[in-house]
Every structure is written in C-alpha cells, then in structure tokens.
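Okay, structure first, notes after.
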Amino acid sequence: MMRIAIVGCGQLARMMALAGWPMGVHFTFLANPEENIDCVAGLGEVVRLTEGLSGESLYQALGRPEVVTVEREQVDTALLASLRPFCPLYPDPDAISICQHRGREKAFLQSLGIPLAPYRLANSAESLTAAVTELGYPVFVKSCEQGYDGQNQWRLRTPDELNDLIACIHSWPPLVVEANVEFNRELSIIAVRSASGDVACYPLTENHHREGILITSQAPAPELTPALQEQASELAHRLLTHWKYVGVLAIECFQVDDQLLVNELAPRVHNSGHWTQGAGICSQFENHLRAICDQGLGATTPLVHAAMVNLLGQPVPKQITRCGDYQVHTYNKQIKPRRKVGHFNFQDIDPHRLRLRLLALETELYPQDQRLLNLG
Ligand code: ATP
Ligand code: MG
Ligand code: MG
C-alpha cells in the first residue's frame with residue numbers, strides 16, 4: 001500500500017484523500033498546532049507539529065511516507081526540505097517558496113518572459129505612493145505573503161483611499177502594487193506533470209469571483225478557441241518543465257482580448273479545478289496523486305461541459321439536497337461568513353444550458369444585492 005503524507009488538513013487535503021482511497025493509498029496529515037482538522041476526520045492519522053519535530057523525527061511521526069505533498073503554499077519550506085533525505089517532496093519546496101511570495105513569483109514569471117500586469121514593489125508610505133502615481137488609479141495593493149480569497153488586498157480608486165490605507169498600516173509588510181487589468185474574463189488552467197515528466201492540461205476554465213472569492217467555474221471556458229488553449233498550455237509547459245515540477249500546478253489568468261496575463265500561481269490542486277471531479281475524466285486530485293506516485297496520468301479532456309458553484313458561509317439548501325441535478329460536496333467545516341464549506345458540481349452536453357443552470361444556482365445561493373459577508 002502506498003503511503004502519502006499531506007501537509008495541511010483543509011478541504012483540499014480531504015479531497016486528495018478521498019481520491020486516493022480507491023487507489024489504495026494510505027494517508028497521514030501534518031497539522032499546525034492550532035489547525036482545525038475536521039476536514040480530514042476519519043481519512044488518516046493527523047500529526048500535530050510540535051517544537052523540534054523535523055527531519056527524521058518528522059518522517060517517522062508521519063509513518064515513513066513514500067512521498068510528501070502539500071495542500072497549501074503557506075508551509076514552512078525549510079521544515080519540508082528537512083524531509084529531503086528520506087523521501088521525495090512534491091512539488092519541490094523551492095517552487096513552493098516562489099509561490100509563497102507575490103514579489104518573488106512575479107519576478108520569476110517575468111524572468112521566463114511570461115506576460116503579467118505592470119507592478120511595483122512597496123514597503124513604505126513613500127514607495128506605495130510612488131508606485132500608485134506611476135501605475136495610476138485604480139490599483140490593486142496586495143501583501144506579498146499570506147493573502148488568499150481576496151484577503152490582505154485593497155483596490156484603490158482615489159488618493160483619499162490611498163491615504164486611508166496608509167493611515168491604517170502600522171508595520172509595513174512587503175507589498176505589490178498592480179495595475180488594474182481591464183480583463184474580458186478570468187480563466188485558469190490546471191496542469192499536471194508526473195515524476196517521469198509526462199504533462200497534461202485540463203481545458204481552460206472560466207472563473208467568476210465576488211469580493212475576491214471564487215464563486216463559479218465553467219469548463220471548457222465558453223467559446224474557448226484552440227489558440228487560447230494553446231497559449232495557456234504553452235505557459236503551463238514552460239513553467240512545469242523549467243521547475244521539473246511534479247504534481248498539479250494551477251495558473252490563474254486574466255484574458256485581455258486574445259492575450260493571457262498571469263495573475264498568480266498555486267502550487268497545488270485548486271478550487272477552479274473542482275469541476276474535474278464530476279466530468280467523467282481523471283480528477284485533478286487523482287491526477288495529482290498519480291503524478292507524485294509516478295503513475296501514468298489520467299484523461300483531462302471532458303466530453304461534457306462542466307460547472308462548479310462554491311458554497312460559502314451557509315448550509316446546503318434543502319431544495320438542492322432534494323434535487324438530483326448536482327453532486328454535492330461538503331467539507332465537514334463549521335459554517336462562518338465567507339468561508340468555503342462545500343461546492344456543487346454539475347454537467348451538461350449543451351454549454352448554453354449549463355451556463356443558464358450555473359447562473360440560476362448562483363442567484364439562488366447569492367442574491368445579487370447581498371454581500372457575502374452577511375451570509376452565514
Ligand atoms: P486566491 O483565493 O485566488 O488565492 P488571492 O487573495 O490570492 O485569491 P488574487 O487572485 O490576486 O487574490 O485576486 C483576487 C481577485 O481580485 C482576482 O481573481 C480578480 O478578480 C481581482 N483582481 C486581482 N488583481 C487584479 C488586477 N490587477 N486587476 C483586476 N482585477 C484583479
Ligand atoms: Mg492567491
Ligand atoms: Mg487568485
């Protein structure tokens with residue numbers, strides 16, 4: 001039986017384990033001292049990180065795994081690297097470290113000639129003001145580290161908003177300041193590379209966010225052209241082969257006319273790939289496990305059109321449980337406003353009908369006039 005240790009105990013760890021159980025994989029999970037472990041309850045042993053646990057003692061505590069992987073990029077990469085003498089770590093901690101920090105990530109993408117929005121770095125009121133002046137309003141200001149679901153980022157439209165932000169920052173974290181991208185839409189590509197170097201890409205997915213949080217995905221993205229898919233696959237190949245990356249890599253993009261600009265990378269399975277669970281192909285979770293166990297990669301091209309709607313800050317509505325049209329995924333999490341607690345997958349052979357179903361479900365769950373903050 002294959003033994004895999006996953007760093008992290010959230011819903012992504014849960015869904016990797018759920019995909020791995022039929023493959024006969026045995027899982028252990030590494031949790032931070034205060035981390036909630038409800039998502040992985042019953043799916044494998046959870047090891048709590050304690051002082052001094054690293055290298056061989058950590059490897060032993062995790063049950064001598066054959067491979068270690070992560071469900072999030074915010075991990076202690078030095079701790080992860082301490083396991084290097086004992087088993088492979090996928091993806092490599094060096095790639096994870098780049099993705100942990102928006103400044104490092106953007107510099108890296110630029111060094112590979114990958115298009116992205118103009119940006120500046122800032123770490124003081126003066127450098128922030130200079131960056132905003134150079135880029136012009138509106139701008140996005142994002143902390144380099146510890147940001148997800150739109151947290152620790154601000155969209156500034158006026159000098160007053162800039163001054164308000166400056167007034168409330170007491171100790172300055174490293175920041176990136178990004179030009180506002182007037183995108184046609186947001187797309188992402190989920191790509192995977194196996195330990196032997198095989199690469200596969202799922203079709204580009206169209207994503208809709210509200211208040212910085214992903215709400216819906218549809219794949220293949222409506223009216224996807226072969227040229228756009230080719231552009232995304234080429235980007236993915238370039239990144240994966242440069243890093244000799246192993247596992248799933250998600251690339252979030254803005255489409256501006258017929259060009260893709262990269263917004264950010266996620267060195268892991270990704271929310272915009274959840275639709276792959278119900279589309280009659282190999283899911284991103286199974287392909288990630290196949291990649292890190294060096295098995296052949298599974299099919300990534302669906303015959304149907306697939307959609308996903310996130311469930312944020314509320315229980316599964318009764319009418320959805322009663323109706324058989326959706327695959328309901330819940331994460332065993334306590335419900336809190338804005339928190340991702342589950343998602344719905346559904347498919348249709350007709351992309352237009354699928355879009356209508358997606359919009360209807362979105363409106364049912366998130367009435368247009370209601371802020372997500374108030375849900376839950
Ligand atoms: P995630 O949960 O995907 O990790 P995050 O907190 O890392 O999110 P981003 O992906 O950087 O944040 O931004 C969240 C959303 O805000 C984007 O998906 C997009 O809708 C919007 N956004 C971010 N940066 C820009 C930009 N430069 N121009 C226009 N819109 C942007
Ligand atoms: Mg992010
Ligand atoms: Mg994002």
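Labels used: A, B, ... for chains in the order of the structure tokens, numbers from 1 for residues in each chain, and numbers from 1 for ligands as shown.
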| request: Excluding region 142-151 of chain A and any residue of its chain fewer than 2 positions from it, enumerate the residues within 7 Å of it, using only C-alpha atoms, and give them as a PyMOL selection string. | output: chain A and resi 100-103+140+153-154+173-177+211-213
Would you mind exporting the chosen residues as a PDB file, in the first residue's frame, restricted to N, CA, C and O atoms?
```
ATOM      1  N   GLN A 100       4.952  31.419  -2.620  1.00  0.00           N
ATOM      2  CA  GLN A 100       4.516  31.948  -1.321  1.00  0.00           C
ATOM      3  C   GLN A 100       4.523  33.470  -1.286  1.00  0.00           C
ATOM      4  O   GLN A 100       3.963  34.074  -0.382  1.00  0.00           O
ATOM      5  N   HIS A 101       5.237  34.070  -2.214  1.00  0.00           N
ATOM      6  CA  HIS A 101       5.535  35.486  -2.113  1.00  0.00           C
ATOM      7  C   HIS A 101       5.262  36.129  -3.475  1.00  0.00           C
ATOM      8  O   HIS A 101       5.908  35.798  -4.466  1.00  0.00           O
ATOM      9  N   ARG A 102       4.284  37.051  -3.497  1.00  0.00           N
ATOM     10  CA  ARG A 102       3.884  37.616  -4.799  1.00  0.00           C
ATOM     11  C   ARG A 102       5.039  38.317  -5.498  1.00  0.00           C
ATOM     12  O   ARG A 102       5.114  38.299  -6.725  1.00  0.00           O
ATOM     13  N   GLY A 103       5.927  38.936  -4.740  1.00  0.00           N
ATOM     14  CA  GLY A 103       7.060  39.631  -5.347  1.00  0.00           C
ATOM     15  C   GLY A 103       7.995  38.641  -6.030  1.00  0.00           C
ATOM     16  O   GLY A 103       8.392  38.841  -7.187  1.00  0.00           O
ATOM     17  N   PHE A 140      -4.438  47.781  -7.560  1.00  0.00           N
ATOM     18  CA  PHE A 140      -4.568  46.742  -6.530  1.00  0.00           C
ATOM     19  C   PHE A 140      -3.307  46.747  -5.683  1.00  0.00           C
ATOM     20  O   PHE A 140      -2.191  46.723  -6.224  1.00  0.00           O
ATOM     21  N   GLN A 153      -5.718  42.439   0.586  1.00  0.00           N
ATOM     22  CA  GLN A 153      -5.555  43.208  -0.653  1.00  0.00           C
ATOM     23  C   GLN A 153      -6.619  44.292  -0.747  1.00  0.00           C
ATOM     24  O   GLN A 153      -7.715  44.153  -0.184  1.00  0.00           O
ATOM     25  N   TRP A 154      -6.283  45.375  -1.421  1.00  0.00           N
ATOM     26  CA  TRP A 154      -7.152  46.546  -1.478  1.00  0.00           C
ATOM     27  C   TRP A 154      -7.156  47.085  -2.903  1.00  0.00           C
ATOM     28  O   TRP A 154      -6.109  47.140  -3.550  1.00  0.00           O
ATOM     29  N   PRO A 173       4.214  45.553   5.780  1.00  0.00           N
ATOM     30  CA  PRO A 173       4.651  44.294   5.183  1.00  0.00           C
ATOM     31  C   PRO A 173       5.121  44.570   3.759  1.00  0.00           C
ATOM     32  O   PRO A 173       4.788  45.626   3.205  1.00  0.00           O
ATOM     33  N   PRO A 174       5.889  43.669   3.144  1.00  0.00           N
ATOM     34  CA  PRO A 174       6.175  43.865   1.714  1.00  0.00           C
ATOM     35  C   PRO A 174       4.874  43.796   0.915  1.00  0.00           C
ATOM     36  O   PRO A 174       4.031  42.942   1.184  1.00  0.00           O
ATOM     37  N   LEU A 175       4.742  44.722  -0.029  1.00  0.00           N
ATOM     38  CA  LEU A 175       3.502  44.813  -0.816  1.00  0.00           C
ATOM     39  C   LEU A 175       3.820  44.761  -2.301  1.00  0.00           C
ATOM     40  O   LEU A 175       4.903  45.185  -2.713  1.00  0.00           O
ATOM     41  N   VAL A 176       2.889  44.258  -3.096  1.00  0.00           N
ATOM     42  CA  VAL A 176       2.963  44.518  -4.539  1.00  0.00           C
ATOM     43  C   VAL A 176       1.806  45.431  -4.897  1.00  0.00           C
ATOM     44  O   VAL A 176       0.719  45.333  -4.327  1.00  0.00           O
ATOM     45  N   VAL A 177       2.088  46.311  -5.824  1.00  0.00           N
ATOM     46  CA  VAL A 177       1.078  47.234  -6.324  1.00  0.00           C
ATOM     47  C   VAL A 177       0.900  46.884  -7.796  1.00  0.00           C
ATOM     48  O   VAL A 177       1.871  46.864  -8.551  1.00  0.00           O
ATOM     49  N   GLU A 211     -16.205  39.768  -4.396  1.00  0.00           N
ATOM     50  CA  GLU A 211     -15.445  40.210  -3.214  1.00  0.00           C
ATOM     51  C   GLU A 211     -14.138  39.416  -3.080  1.00  0.00           C
ATOM     52  O   GLU A 211     -13.735  39.044  -1.979  1.00  0.00           O
ATOM     53  N   GLY A 212     -13.508  39.129  -4.231  1.00  0.00           N
ATOM     54  CA  GLY A 212     -12.205  38.470  -4.218  1.00  0.00           C
ATOM     55  C   GLY A 212     -12.251  36.963  -4.009  1.00  0.00           C
ATOM     56  O   GLY A 212     -11.218  36.319  -3.940  1.00  0.00           O
ATOM     57  N   ILE A 213     -13.460  36.389  -3.913  1.00  0.00           N
ATOM     58  CA  ILE A 213     -13.573  34.943  -3.672  1.00  0.00           C
ATOM     59  C   ILE A 213     -14.174  34.264  -4.898  1.00  0.00           C
ATOM     60  O   ILE A 213     -15.139  34.764  -5.482  1.00  0.00           O
TER      61      ILE A 213
END
```
| request: Enumerate as a VMD selection string all residues of region 88-229 of chain A assigned to helix (DSSP H, G or I) by DSSP on the backbone, naming them with the chain letters and numbers the document uses. | output: chain A and resid 93 to 99 102 to 111 125 to 135 159 to 168 226 to 229
Name each residue within 10 Å of ligand 3, counting only C-alpha atoms and all ligand atoms, as a tab-separated table (two decimals) with all heavy atoms, in the first residue's frame.
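That gives us result25.tsv:
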```
chain	number	residue	atom	x	y	z
A	147	GLY	N	-1.92	36.05	1.61
A	147	GLY	CA	-3.19	36.54	1.07
A	147	GLY	C	-3.89	35.45	0.29
A	147	GLY	O	-3.28	34.80	-0.54
A	148	TYR	N	-5.15	35.23	0.57
A	148	TYR	CA	-5.96	34.34	-0.27
A	148	TYR	C	-7.42	34.75	-0.11
A	148	TYR	O	-7.77	35.48	0.82
A	148	TYR	CB	-5.76	32.87	0.11
A	148	TYR	CG	-6.25	32.53	1.50
A	148	TYR	CD1	-7.53	32.05	1.71
A	148	TYR	CD2	-5.43	32.70	2.60
A	148	TYR	CE1	-7.99	31.76	2.99
A	148	TYR	CE2	-5.87	32.42	3.87
A	148	TYR	CZ	-7.16	31.94	4.06
A	148	TYR	OH	-7.60	31.68	5.33
A	149	ASP	N	-8.26	34.31	-1.05
A	149	ASP	CA	-9.68	34.69	-1.06
A	149	ASP	C	-9.85	36.21	-0.93
A	149	ASP	O	-10.77	36.69	-0.26
A	149	ASP	CB	-10.44	33.98	0.08
A	149	ASP	CG	-10.60	32.48	-0.19
A	149	ASP	OD1	-10.34	32.06	-1.34
A	149	ASP	OD2	-10.97	31.75	0.74
A	150	GLY	N	-8.93	36.96	-1.55
A	150	GLY	CA	-9.06	38.42	-1.55
A	150	GLY	C	-8.69	39.08	-0.23
A	150	GLY	O	-8.90	40.29	-0.06
A	186	GLU	N	-11.87	36.09	-16.45
A	186	GLU	CA	-10.81	35.40	-15.72
A	186	GLU	C	-10.85	33.92	-16.07
A	186	GLU	O	-11.93	33.30	-16.10
A	186	GLU	CB	-10.99	35.58	-14.22
A	186	GLU	CG	-10.69	36.99	-13.79
A	186	GLU	CD	-10.63	37.13	-12.28
A	186	GLU	OE1	-9.59	36.79	-11.70
A	186	GLU	OE2	-11.63	37.57	-11.70
A	188	SER	N	-8.51	30.04	-15.76
A	188	SER	CA	-7.38	29.36	-15.11
A	188	SER	C	-7.11	28.07	-15.86
A	188	SER	O	-8.01	27.51	-16.51
A	188	SER	CB	-7.66	29.08	-13.64
A	188	SER	OG	-8.77	28.22	-13.53
A	209	HIS	N	-15.52	35.69	-9.70
A	209	HIS	CA	-15.25	35.98	-8.29
A	209	HIS	C	-16.21	37.04	-7.80
A	209	HIS	O	-16.66	37.88	-8.58
A	209	HIS	CB	-13.82	36.51	-8.12
A	209	HIS	CG	-12.77	35.54	-8.54
A	209	HIS	ND1	-12.42	35.34	-9.86
A	209	HIS	CD2	-11.98	34.71	-7.82
A	209	HIS	CE1	-11.47	34.42	-9.93
A	209	HIS	NE2	-11.18	34.03	-8.70
A	212	GLY	N	-13.51	39.13	-4.23
A	212	GLY	CA	-12.20	38.47	-4.22
A	212	GLY	C	-12.25	36.96	-4.01
A	212	GLY	O	-11.22	36.32	-3.94
A	213	ILE	N	-13.46	36.39	-3.91
A	213	ILE	CA	-13.57	34.94	-3.67
A	213	ILE	C	-14.17	34.26	-4.90
A	213	ILE	O	-15.14	34.76	-5.48
A	213	ILE	CB	-14.48	34.63	-2.46
A	213	ILE	CG1	-14.04	35.42	-1.23
A	213	ILE	CG2	-14.49	33.14	-2.15
A	213	ILE	CD1	-14.83	35.08	0.01
A	214	LEU	N	-13.62	33.11	-5.25
A	214	LEU	CA	-14.16	32.35	-6.38
A	214	LEU	C	-15.58	31.89	-6.05
A	214	LEU	O	-15.83	31.32	-4.99
A	214	LEU	CB	-13.27	31.12	-6.65
A	214	LEU	CG	-13.74	30.25	-7.82
A	214	LEU	CD1	-13.52	30.97	-9.15
A	214	LEU	CD2	-13.03	28.91	-7.82
A	250	ALA	N	-1.71	25.18	-10.61
A	250	ALA	CA	-2.82	25.97	-11.15
A	250	ALA	C	-2.31	27.35	-11.53
A	250	ALA	O	-1.53	27.95	-10.79
A	250	ALA	CB	-3.93	26.10	-10.11
A	251	ILE	N	-2.74	27.84	-12.68
A	251	ILE	CA	-2.30	29.15	-13.17
A	251	ILE	C	-3.55	30.00	-13.38
A	251	ILE	O	-4.40	29.67	-14.20
A	251	ILE	CB	-1.52	29.01	-14.50
A	251	ILE	CG1	-0.40	27.97	-14.36
A	251	ILE	CG2	-0.97	30.36	-14.95
A	251	ILE	CD1	0.28	27.63	-15.67
A	252	GLU	N	-3.67	31.07	-12.60
A	252	GLU	CA	-4.81	31.98	-12.73
A	252	GLU	C	-4.43	33.08	-13.71
A	252	GLU	O	-3.37	33.68	-13.58
A	252	GLU	CB	-5.15	32.64	-11.39
A	252	GLU	CG	-5.70	31.69	-10.36
A	252	GLU	CD	-6.03	32.41	-9.05
A	252	GLU	OE1	-6.23	33.65	-9.04
A	252	GLU	OE2	-6.09	31.72	-8.03
A	253	CYS	N	-5.32	33.33	-14.68
A	253	CYS	CA	-5.02	34.30	-15.73
A	253	CYS	C	-6.15	35.30	-15.91
A	253	CYS	O	-7.30	35.02	-15.57
A	253	CYS	CB	-4.85	33.60	-17.08
A	253	CYS	SG	-3.59	32.34	-17.12
A	263	ASN	N	-2.12	36.07	-13.47
A	263	ASN	CA	-2.40	36.76	-12.21
A	263	ASN	C	-1.58	36.13	-11.09
A	263	ASN	O	-0.78	36.81	-10.46
A	263	ASN	CB	-3.90	36.69	-11.91
A	263	ASN	CG	-4.24	37.20	-10.51
A	263	ASN	OD1	-3.51	38.03	-9.95
A	263	ASN	ND2	-5.32	36.71	-9.93
A	264	GLU	N	-1.75	34.84	-10.86
A	264	GLU	CA	-0.95	34.19	-9.82
A	264	GLU	C	-0.92	32.69	-10.05
A	264	GLU	O	-1.69	32.15	-10.83
A	264	GLU	CB	-1.47	34.53	-8.42
A	264	GLU	CG	-2.90	34.11	-8.18
A	264	GLU	CD	-3.29	34.23	-6.71
A	264	GLU	OE1	-2.44	34.52	-5.86
A	264	GLU	OE2	-4.48	34.00	-6.42
A	265	LEU	N	0.00	32.05	-9.33
A	265	LEU	CA	0.17	30.60	-9.43
A	265	LEU	C	-0.26	29.97	-8.11
A	265	LEU	O	-0.13	30.58	-7.05
A	265	LEU	CB	1.64	30.24	-9.66
A	265	LEU	CG	2.35	30.91	-10.83
A	265	LEU	CD1	3.84	30.51	-10.83
A	265	LEU	CD2	1.70	30.51	-12.14
A	266	ALA	N	-0.72	28.73	-8.17
A	266	ALA	CA	-0.96	27.96	-6.94
A	266	ALA	C	-0.29	26.60	-7.13
A	266	ALA	O	-0.66	25.86	-8.05
A	266	ALA	CB	-2.45	27.80	-6.68
A	270	HIS	N	-6.53	23.03	-6.97
A	270	HIS	CA	-7.07	24.40	-6.90
A	270	HIS	C	-8.59	24.39	-7.01
A	270	HIS	O	-9.17	23.57	-7.72
A	270	HIS	CB	-6.47	25.21	-8.06
A	270	HIS	CG	-6.69	26.67	-7.99
A	270	HIS	ND1	-7.65	27.31	-8.74
A	270	HIS	CD2	-6.07	27.63	-7.27
A	270	HIS	CE1	-7.61	28.61	-8.48
A	270	HIS	NE2	-6.66	28.83	-7.59
A	271	ASN	N	-9.21	25.35	-6.34
A	271	ASN	CA	-10.67	25.46	-6.34
A	271	ASN	C	-11.25	25.51	-7.76
A	271	ASN	O	-12.30	24.96	-8.03
A	271	ASN	CB	-11.05	26.71	-5.54
A	271	ASN	CG	-12.51	26.78	-5.11
A	271	ASN	OD1	-12.86	27.65	-4.33
A	271	ASN	ND2	-13.37	25.91	-5.61
A	272	SER	N	-10.54	26.15	-8.69
A	272	SER	CA	-11.08	26.25	-10.05
A	272	SER	C	-10.94	24.93	-10.82
A	272	SER	O	-11.34	24.86	-11.98
A	272	SER	CB	-10.41	27.39	-10.82
A	272	SER	OG	-9.06	27.07	-11.09
```
| task | Pick out the residues sitting within 9 Å of Thr330 (chain A), and hand them over as a list in words; count only C-alpha atoms, and ignore anything fewer than 6 positions along from it in its own chain. | result | Gln11, Leu311, Val316, Val341, Gly342, His343 and Phe344 of chain A
Take the residues just selected and output them with all heavy atoms as a PDB file, in the first residue's frame.
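Okay, out-v3.pdb is ready:
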```pdb
ATOM      1  N   GLN A  11      -9.868  21.413   3.118  1.00  0.00           N
ATOM      2  CA  GLN A  11     -10.706  20.665   2.167  1.00  0.00           C
ATOM      3  C   GLN A  11      -9.907  20.083   1.005  1.00  0.00           C
ATOM      4  O   GLN A  11     -10.294  19.066   0.433  1.00  0.00           O
ATOM      5  CB  GLN A  11     -11.862  21.522   1.643  1.00  0.00           C
ATOM      6  CG  GLN A  11     -11.513  22.689   0.752  1.00  0.00           C
ATOM      7  CD  GLN A  11     -11.395  23.976   1.556  1.00  0.00           C
ATOM      8  OE1 GLN A  11     -11.178  23.947   2.776  1.00  0.00           O
ATOM      9  NE2 GLN A  11     -11.541  25.105   0.885  1.00  0.00           N
ATOM     10  N   LEU A 311     -20.010  26.795  -2.267  1.00  0.00           N
ATOM     11  CA  LEU A 311     -20.950  27.035  -1.169  1.00  0.00           C
ATOM     12  C   LEU A 311     -20.177  27.783  -0.087  1.00  0.00           C
ATOM     13  O   LEU A 311     -19.250  27.244   0.514  1.00  0.00           O
ATOM     14  CB  LEU A 311     -21.477  25.702  -0.634  1.00  0.00           C
ATOM     15  CG  LEU A 311     -22.495  25.813   0.496  1.00  0.00           C
ATOM     16  CD1 LEU A 311     -23.794  26.451   0.009  1.00  0.00           C
ATOM     17  CD2 LEU A 311     -22.788  24.439   1.100  1.00  0.00           C
ATOM     18  N   VAL A 316     -25.985  23.566   3.110  1.00  0.00           N
ATOM     19  CA  VAL A 316     -26.536  23.178   1.806  1.00  0.00           C
ATOM     20  C   VAL A 316     -28.053  23.403   1.853  1.00  0.00           C
ATOM     21  O   VAL A 316     -28.731  22.840   2.714  1.00  0.00           O
ATOM     22  CB  VAL A 316     -26.258  21.682   1.515  1.00  0.00           C
ATOM     23  CG1 VAL A 316     -26.861  21.292   0.166  1.00  0.00           C
ATOM     24  CG2 VAL A 316     -24.769  21.392   1.558  1.00  0.00           C
ATOM     25  N   VAL A 341     -17.397  26.153   2.460  1.00  0.00           N
ATOM     26  CA  VAL A 341     -17.796  24.965   3.228  1.00  0.00           C
ATOM     27  C   VAL A 341     -18.214  23.800   2.328  1.00  0.00           C
ATOM     28  O   VAL A 341     -18.492  22.706   2.818  1.00  0.00           O
ATOM     29  CB  VAL A 341     -18.913  25.290   4.245  1.00  0.00           C
ATOM     30  CG1 VAL A 341     -18.384  26.211   5.341  1.00  0.00           C
ATOM     31  CG2 VAL A 341     -20.127  25.902   3.569  1.00  0.00           C
ATOM     32  N   GLY A 342     -18.267  24.025   1.030  1.00  0.00           N
ATOM     33  CA  GLY A 342     -18.632  22.944   0.110  1.00  0.00           C
ATOM     34  C   GLY A 342     -18.704  23.475  -1.311  1.00  0.00           C
ATOM     35  O   GLY A 342     -18.391  24.647  -1.566  1.00  0.00           O
ATOM     36  N   HIS A 343     -19.085  22.615  -2.236  1.00  0.00           N
ATOM     37  CA  HIS A 343     -19.329  23.075  -3.614  1.00  0.00           C
ATOM     38  C   HIS A 343     -20.261  22.111  -4.324  1.00  0.00           C
ATOM     39  O   HIS A 343     -20.477  20.989  -3.850  1.00  0.00           O
ATOM     40  CB  HIS A 343     -18.017  23.239  -4.395  1.00  0.00           C
ATOM     41  CG  HIS A 343     -17.296  21.955  -4.665  1.00  0.00           C
ATOM     42  ND1 HIS A 343     -16.372  21.414  -3.807  1.00  0.00           N
ATOM     43  CD2 HIS A 343     -17.359  21.082  -5.713  1.00  0.00           C
ATOM     44  CE1 HIS A 343     -15.891  20.286  -4.306  1.00  0.00           C
ATOM     45  NE2 HIS A 343     -16.470  20.063  -5.462  1.00  0.00           N
ATOM     46  N   PHE A 344     -20.822  22.581  -5.424  1.00  0.00           N
ATOM     47  CA  PHE A 344     -21.710  21.752  -6.238  1.00  0.00           C
ATOM     48  C   PHE A 344     -21.092  21.609  -7.621  1.00  0.00           C
ATOM     49  O   PHE A 344     -20.667  22.595  -8.208  1.00  0.00           O
ATOM     50  CB  PHE A 344     -23.086  22.417  -6.375  1.00  0.00           C
ATOM     51  CG  PHE A 344     -23.690  22.765  -5.043  1.00  0.00           C
ATOM     52  CD1 PHE A 344     -23.767  24.083  -4.635  1.00  0.00           C
ATOM     53  CD2 PHE A 344     -24.153  21.775  -4.189  1.00  0.00           C
ATOM     54  CE1 PHE A 344     -24.303  24.409  -3.395  1.00  0.00           C
ATOM     55  CE2 PHE A 344     -24.678  22.090  -2.954  1.00  0.00           C
ATOM     56  CZ  PHE A 344     -24.755  23.411  -2.548  1.00  0.00           C
TER      57      PHE A 344
END
```
| task | Using only C-alpha atoms and all ligand atoms, pick whichever of A:Leu79, A:Pro65, A:Cys99, A:Ala107 has the shortest atom-to-atom distance to ligand 2. | result | A:Cys99
| Distance query Ala232 (chain A) at most 8 Å, only C-alpha atoms, self and fewer than 3 positions along chain excluded, as a ChimeraX atom specification | /A:189,204,228-229,235-236,260
| Ala227 (chain A): which residues within 12 Å, counting only C-alpha atoms, same-chain residues fewer than 6 positions away excluded, as a list in words? |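 Here the answer would be Pro203, Leu204, Ser233, Glu234, Asp258, Gln259 and Leu260 of chain A.
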With N, CA and C atoms retained, could you export that selection as a PDB file, in the first residue's frame?
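Once written, again_2.pdb looks like this:
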```
ATOM      1  N   PRO A 203      -8.813  21.650 -19.883  1.00  0.00           N
ATOM      2  CA  PRO A 203      -9.194  22.828 -20.670  1.00  0.00           C
ATOM      3  C   PRO A 203      -9.281  24.065 -19.784  1.00  0.00           C
ATOM      4  N   LEU A 204      -9.032  25.216 -20.380  1.00  0.00           N
ATOM      5  CA  LEU A 204      -9.162  26.479 -19.644  1.00  0.00           C
ATOM      6  C   LEU A 204     -10.552  26.573 -19.020  1.00  0.00           C
ATOM      7  N   SER A 233      -1.651  26.285 -22.466  1.00  0.00           N
ATOM      8  CA  SER A 233      -0.897  25.030 -22.331  1.00  0.00           C
ATOM      9  C   SER A 233       0.598  25.302 -22.489  1.00  0.00           C
ATOM     10  N   GLU A 234       0.922  26.224 -23.393  1.00  0.00           N
ATOM     11  CA  GLU A 234       2.336  26.545 -23.614  1.00  0.00           C
ATOM     12  C   GLU A 234       2.944  27.177 -22.352  1.00  0.00           C
ATOM     13  N   ASP A 258      -7.132  38.741 -27.008  1.00  0.00           N
ATOM     14  CA  ASP A 258      -6.740  37.345 -27.233  1.00  0.00           C
ATOM     15  C   ASP A 258      -5.448  36.992 -26.496  1.00  0.00           C
ATOM     16  N   GLN A 259      -5.137  37.802 -25.471  1.00  0.00           N
ATOM     17  CA  GLN A 259      -3.915  37.509 -24.717  1.00  0.00           C
ATOM     18  C   GLN A 259      -4.183  37.133 -23.261  1.00  0.00           C
ATOM     19  N   LEU A 260      -3.382  36.209 -22.751  1.00  0.00           N
ATOM     20  CA  LEU A 260      -3.479  35.839 -21.340  1.00  0.00           C
ATOM     21  C   LEU A 260      -2.375  36.541 -20.554  1.00  0.00           C
TER      22      LEU A 260
END
```
| message | Can you tell me, as a ChimeraX atom specification, which residues in region 168-369 of chain A count as strand (DSSP E) by DSSP? | response | /A:175-179,185-193,199-201,205-210,213-219,247-256,259-266,305-312,327-330,340-348
| message | Using only C-alpha atoms, which protein or nucleic acid residues come within 12 Å of Ile96 (chain A)? Drop anything in the same chain fewer than 3 positions from it, and give the result as a ChimeraX atom specification. | response | /A:69-78,80-81,89-93,99-102,104-105,243,245-249,265-268
| Separation of CA of Met2 (chain A) from CA of Val25 (chain A), in Å and rounded to one decimal |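 Going from CA of Met2 (chain A) over to CA of Val25 (chain A) covers 4.8 Å.
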| task | Using atom 28 (N, counted along the ligand's line) of ligand 1 and CA of Ala117 (chain A) as the two end points, give the distance in Å to one decimal. | result |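 For atom 28 (N, counted along the ligand's line) of ligand 1 relative to CA of Ala117 (chain A), the distance reads 7.7 Å.
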| said: Would you pick out the contacts of region 34-44 of chain A at 9 Å or less, using only C-alpha atoms, so that residues sharing its chain but fewer than 3 positions from it are not included, and give the list as a list in words? | reply: Gly8, Cys9, Gly10, Gln11, Leu12, Ala13, Arg14, Met15, Ala17, Leu18, Trp21, His26, Phe27, Thr28, Phe29, Ala31, Arg48, Tyr331, Asn332, Lys333 and Gln334 of chain A
| Nearest to ligand 1 by atom-to-atom distance, counting only C-alpha atoms and all ligand atoms, from A:Cys282, A:Leu361, A:Leu112, A:Val262 |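 Of all the options, A:Val262 lies closest to ligand 1.
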| request: Identify which of the residues A:Ala200, A:Cys168, A:Thr241, A:Gln218 lies closest to Leu356 (chain A), counting only C-alpha atoms when measuring atom-to-atom distances. | output: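 Going through A:Ala200, A:Cys168, A:Thr241, A:Gln218 one by one, the smallest distance to Leu356 (chain A) is for A:Gln218.
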| Counting only C-alpha atoms, the option among A:Leu135, A:Val269, A:Ile6, A:Ile215 closest to Leu359 (chain A) |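 Looking only at the distances to Leu359 (chain A), the closest residue turns out to be A:Ile215.
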